[in-house]
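Shown next: final-v7.txt, containing compact mmCIF, C-alpha atoms.
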```txt
# COMPACT_ATOMS: atom_id res chain seq x y z
CA MET R 1 0.00 0.00 0.00
CA ASP R 2 1.22 3.45 -0.94
CA ASP R 3 1.59 5.58 2.20
CA THR R 4 1.91 8.76 0.17
CA PHE R 5 -1.90 8.96 -0.05
CA THR R 6 -3.87 10.85 2.55
CA VAL R 7 -7.46 9.77 3.11
CA GLU R 8 -9.49 12.23 5.16
CA VAL R 9 -12.86 13.84 5.67
CA ALA R 10 -13.28 16.42 2.90
CA GLY R 11 -13.81 20.07 3.75
CA ALA R 12 -13.81 23.56 2.26
CA GLN R 13 -10.18 23.21 1.20
CA HIS R 14 -11.22 20.43 -1.21
CA LEU R 15 -14.00 22.32 -3.02
CA LYS R 16 -11.64 23.05 -5.91
CA TYR R 17 -11.70 19.32 -6.78
CA VAL R 18 -15.50 19.01 -7.24
CA ASP R 19 -15.46 19.22 -11.04
CA GLU R 20 -12.58 16.73 -11.26
CA ILE R 21 -14.42 14.32 -8.94
CA LEU R 22 -17.53 14.48 -11.12
CA ARG R 23 -15.49 13.99 -14.32
CA THR R 24 -13.75 10.99 -12.76
CA ILE R 25 -17.08 9.42 -11.81
CA GLU R 26 -18.50 10.06 -15.28
CA ASP R 27 -15.40 8.68 -17.02
CA ALA R 28 -15.50 5.51 -14.91
CA ALA R 29 -19.18 4.94 -15.70
CA ARG R 30 -18.52 5.40 -19.42
CA ASP R 31 -15.42 3.14 -19.38
CA ARG R 32 -17.25 0.35 -17.56
CA GLY R 33 -20.52 0.79 -19.40
CA THR R 34 -22.34 0.69 -16.07
CA GLY R 35 -24.51 3.06 -14.19
CA ILE R 36 -23.32 5.51 -11.62
CA ALA R 37 -25.84 8.03 -10.36
CA LYS R 38 -24.87 11.50 -11.56
CA ARG R 39 -24.67 14.31 -9.05
CA LYS R 40 -24.47 18.05 -9.53
CA PRO R 41 -21.43 20.07 -8.41
CA ASP R 42 -23.40 21.85 -5.67
CA TYR R 43 -24.48 18.50 -4.22
CA ILE R 44 -20.89 17.25 -3.91
CA ALA R 45 -19.76 20.63 -2.54
CA LYS R 46 -22.51 20.49 0.09
CA LYS R 47 -21.40 17.01 1.17
CA MET R 48 -17.87 18.33 1.62
CA MET R 49 -19.00 21.36 3.61
CA GLU R 50 -21.18 19.16 5.86
CA GLY R 51 -18.26 16.82 6.62
CA LYS R 52 -20.05 13.96 4.84
CA ALA R 53 -17.43 13.12 2.25
CA VAL R 54 -14.07 11.37 2.16
CA ILE R 55 -11.31 12.41 -0.21
CA ALA R 56 -8.00 10.79 -1.06
CA MET R 57 -5.09 12.93 -2.12
CA LYS R 58 -1.55 12.26 -3.28
CA GLY R 59 0.09 15.49 -2.27
CA ASP R 60 -2.09 18.12 -3.89
CA VAL R 61 -3.42 15.74 -6.57
CA PHE R 62 -6.95 14.37 -6.28
CA ALA R 63 -6.90 10.55 -6.14
CA GLY R 64 -10.30 9.29 -4.92
CA PHE R 65 -13.61 10.09 -3.28
CA CYS R 66 -16.77 8.81 -1.57
CA TYR R 67 -19.69 10.54 0.15
CA VAL R 68 -22.25 9.73 2.84
CA GLU R 69 -26.02 10.14 2.55
CA CYS R 70 -28.57 9.64 5.33
CA TRP R 71 -32.04 8.18 4.74
CA GLU R 72 -35.13 7.55 6.84
CA HIS R 73 -34.07 9.83 9.72
CA GLY R 74 -30.72 8.10 10.21
CA GLU R 75 -31.94 4.51 10.04
CA PHE R 76 -30.03 3.98 6.78
CA VAL R 77 -26.82 5.52 5.48
CA ALA R 78 -25.49 5.10 1.97
CA ASN R 79 -21.83 5.31 1.05
CA SER R 80 -21.99 6.51 -2.54
CA GLY R 81 -19.84 7.72 -5.38
CA LEU R 82 -16.77 5.63 -4.47
CA ILE R 83 -14.22 6.43 -7.12
CA VAL R 84 -10.46 6.19 -7.59
CA LYS R 85 -8.74 7.90 -10.51
CA LYS R 86 -7.53 5.40 -13.07
CA GLU R 87 -3.82 6.04 -12.48
CA PHE R 88 -4.18 5.30 -8.74
CA ARG R 89 -6.12 2.04 -8.96
CA GLN R 90 -4.76 -1.34 -7.87
CA GLN R 91 -2.97 0.24 -4.88
CA GLY R 92 -5.51 -0.46 -2.12
CA LEU R 93 -6.81 3.09 -2.19
CA ALA R 94 -10.49 2.21 -2.76
CA ARG R 95 -10.39 0.01 0.35
CA ARG R 96 -8.89 2.85 2.40
CA ILE R 97 -11.54 5.29 1.17
CA LYS R 98 -14.34 2.81 1.82
CA LYS R 99 -13.01 2.08 5.33
CA LYS R 100 -12.86 5.81 6.13
CA ALA R 101 -16.41 6.28 4.75
CA LEU R 102 -17.66 3.40 6.93
CA GLU R 103 -15.98 4.94 10.01
CA LEU R 104 -17.41 8.37 9.18
CA SER R 105 -20.89 6.89 8.72
CA GLN R 106 -20.71 5.14 12.09
CA GLU R 107 -19.48 8.33 13.76
CA LEU R 108 -22.17 10.56 12.24
CA PHE R 109 -25.04 8.05 12.42
CA PRO R 110 -24.37 5.53 15.22
CA GLY R 111 -26.42 2.35 14.83
CA ALA R 112 -27.52 3.09 11.26
CA LYS R 113 -27.54 0.34 8.67
CA ILE R 114 -24.95 1.26 6.05
CA PHE R 115 -25.46 0.26 2.45
CA GLY R 116 -24.34 0.75 -1.08
CA LEU R 117 -25.33 -0.30 -4.58
CA THR R 118 -22.71 -1.51 -7.00
CA THR R 119 -22.16 -3.37 -10.24
CA GLY R 120 -18.41 -3.56 -9.66
CA LEU R 121 -16.78 -6.80 -8.56
CA ALA R 122 -13.89 -4.93 -6.90
CA VAL R 123 -16.33 -2.94 -4.72
CA MET R 124 -18.25 -6.11 -3.87
CA LYS R 125 -15.01 -7.74 -2.70
CA ILE R 126 -14.06 -4.70 -0.62
CA ASN R 127 -17.53 -4.52 0.92
CA THR R 128 -17.54 -8.24 1.73
CA SER R 129 -14.13 -8.01 3.42
CA MET R 130 -15.50 -5.20 5.61
CA GLY R 131 -18.57 -7.14 6.74
CA TYR R 132 -21.17 -6.02 4.21
CA VAL R 133 -23.51 -8.73 2.90
CA PRO R 134 -25.49 -8.84 -0.35
CA VAL R 135 -29.19 -8.18 0.24
CA THR R 136 -32.35 -7.76 -1.76
CA PHE R 137 -33.50 -4.20 -2.32
CA SER R 138 -36.32 -4.80 0.19
CA GLU R 139 -33.63 -4.66 2.93
CA LEU R 140 -32.59 -1.15 1.90
CA THR R 141 -34.18 2.25 2.34
CA THR R 142 -37.64 2.76 0.92
CA ASP R 143 -37.12 6.53 0.67
CA PRO R 144 -38.21 7.52 -2.85
CA VAL R 145 -35.65 10.33 -2.89
CA PHE R 146 -32.84 7.76 -2.70
CA TRP R 147 -34.25 5.81 -5.64
CA LYS R 148 -34.79 9.04 -7.58
CA GLY R 149 -31.00 9.34 -7.57
CA CYS R 150 -30.92 6.29 -9.86
CA GLU R 151 -32.79 8.12 -12.64
CA ASN R 152 -29.55 9.19 -14.34
CA CYS R 153 -28.22 5.64 -14.41
CA VAL R 154 -28.09 3.85 -17.78
CA ASN R 155 -29.84 0.89 -16.10
CA TYR R 156 -32.74 2.86 -14.62
CA ASP R 157 -35.21 1.18 -16.96
CA VAL R 158 -34.34 -2.17 -15.38
CA LEU R 159 -35.03 -0.83 -11.89
CA LEU R 160 -38.27 0.78 -13.03
CA ARG R 161 -39.42 -2.33 -14.89
CA ASN R 162 -38.90 -4.36 -11.70
CA ASN R 163 -40.80 -1.91 -9.49
CA PHE R 164 -37.61 -0.95 -7.58
CA THR R 165 -37.06 -4.52 -6.34
CA ARG R 166 -34.20 -5.56 -8.67
CA CYS R 167 -31.62 -4.03 -10.95
CA LEU R 168 -28.17 -4.83 -12.29
CA CYS R 169 -26.70 -3.39 -9.10
CA THR R 170 -26.13 -5.52 -6.05
CA GLY R 171 -27.34 -4.07 -2.77
CA MET R 172 -24.83 -4.57 0.03
CA LEU R 173 -25.61 -3.89 3.69
CA TYR R 174 -23.51 -3.43 6.81
CA ASP R 175 -25.75 -3.90 9.85
CA PRO R 176 -23.94 -2.87 13.03
CA ALA R 177 -26.41 -4.86 15.16
CA ALA R 178 -25.39 -8.05 13.35
CA HIS R 179 -21.72 -7.32 14.02
CA LYS R 180 -22.37 -6.74 17.74
CA GLU R 181 -24.10 -10.10 17.92
CA GLU R 182 -21.11 -11.74 16.23
CA GLY R 183 -18.72 -10.03 18.64
CA LYS R 184 -16.99 -8.04 15.90
```
Mind turning the file's structure into structure tokens?
Amino acid sequence: MDDTFTVEVAGAQHLKYVDEILRTIEDAARDRGTGIAKRKPDYIAKKMMEGKAVIAMKGDVFAGFCYVECWEHGEFVANSGLIVKKEFRQQGLARRIKKKALELSQELFPGAKIFGLTTGLAVMKINTSMGYVPVTFSELTTDPVFWKGCENCVNYDVLLRNNFTRCLCTGMLYDPAAHKEEGK
């Protein structure tokens, strides 16, 4: 693992990277031919200013990102937008970002169920190693605002056709209550 990366909670000092973050997310979606919900610059900036985003830097170069969203009055938290710039992949950085996002989620929303949607095998492996389990969409938030965020995805028609019960994404859930029971 490359120790020259810093992974931290994003703040005002990182606002200058918003456009690059969004370009990186868009490029990754296009390269993989999969869906990633699009967000507007002001949305990402707001997450940074609220302390609900994690950014990875290599010196003053943007390397990766993830943000936290709360649903159903803190019962559910989504870690979304996990991205690592192409030139920094295969170095364990996504795992470090995801771990920091999980820690931030637990700090901000103690006891919340933490989830994500992904089509990426690498993210599924990272999530599994951290204690997330694959679940049906019925185990996730029912908040329509969350699902509205999928409208920009290239696979939205699949989700719509299946009445928001199935898509090409895999839902993965980290339930802190299950980990307490297991003694983790």
Exercise. Which distance in Å separates atom CA of R:Cys66 and atom CA of R:Arg39, to one decimal?
Worked result: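 Value for the atom CA of R:Cys66-atom CA of R:Arg39 distance: 12.2 Å.
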Please identify all polymer residues within 6 Å of R:Gly171, counting all atoms listed in the file, omitting same-chain residues fewer than 4 positions from it, and present them as a PDB file with C-alpha atoms, in the frame of the given file.
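Dumped to result06.pdb:
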```pdb
ATOM      1  CA  GLY R 116     -24.340   0.750  -1.080  1.00  0.00           C
ATOM      2  CA  LEU R 117     -25.330  -0.300  -4.580  1.00  0.00           C
ATOM      3  CA  PRO R 134     -25.490  -8.840  -0.350  1.00  0.00           C
ATOM      4  CA  VAL R 135     -29.190  -8.180   0.240  1.00  0.00           C
TER       5      VAL R 135
END
```
Seminar exercise, completed: As a check of understanding: the span from atom CA of R:Gln90 to atom CA of R:Met172 is 21.8 Å
Within 12 Å of R:Leu168, counting all atoms listed in the file, which residues show up once you throw out same-chain ones fewer than 4 positions away? Write them as an mmCIF file with C-alpha atoms, in the frame of the given file, please.
```cif
data_model
loop_
_atom_site.group_PDB
_atom_site.id
_atom_site.type_symbol
_atom_site.label_atom_id
_atom_site.label_comp_id
_atom_site.auth_asym_id
_atom_site.auth_seq_id
_atom_site.Cartn_x
_atom_site.Cartn_y
_atom_site.Cartn_z
ATOM 1 C CA GLY R 33 -20.520 0.790 -19.400
ATOM 2 C CA THR R 34 -22.340 0.690 -16.070
ATOM 3 C CA GLY R 35 -24.510 3.060 -14.190
ATOM 4 C CA ILE R 36 -23.320 5.510 -11.620
ATOM 5 C CA LEU R 117 -25.330 -0.300 -4.580
ATOM 6 C CA THR R 118 -22.710 -1.510 -7.000
ATOM 7 C CA THR R 119 -22.160 -3.370 -10.240
ATOM 8 C CA GLY R 120 -18.410 -3.560 -9.660
ATOM 9 C CA THR R 136 -32.350 -7.760 -1.760
ATOM 10 C CA PHE R 137 -33.500 -4.200 -2.320
ATOM 11 C CA CYS R 150 -30.920 6.290 -9.860
ATOM 12 C CA CYS R 153 -28.220 5.640 -14.410
ATOM 13 C CA VAL R 154 -28.090 3.850 -17.780
ATOM 14 C CA ASN R 155 -29.840 0.890 -16.100
ATOM 15 C CA TYR R 156 -32.740 2.860 -14.620
ATOM 16 C CA ASP R 157 -35.210 1.180 -16.960
ATOM 17 C CA VAL R 158 -34.340 -2.170 -15.380
ATOM 18 C CA LEU R 159 -35.030 -0.830 -11.890
ATOM 19 C CA LEU R 160 -38.270 0.780 -13.030
ATOM 20 C CA ARG R 161 -39.420 -2.330 -14.890
ATOM 21 C CA ASN R 162 -38.900 -4.360 -11.700
ATOM 22 C CA PHE R 164 -37.610 -0.950 -7.580
#
```
Problem set entry | Test item: residues at most 12 Å from R:Lys47, only C-alpha atoms, excluding those fewer than 6 positions along its chain, as JSON, numbers by chain | {"R": [9, 10, 11, 12, 14, 15, 18, 39, 40, 41, 53, 54, 55, 65, 66, 67, 68, 69, 70, 79, 80, 81]}
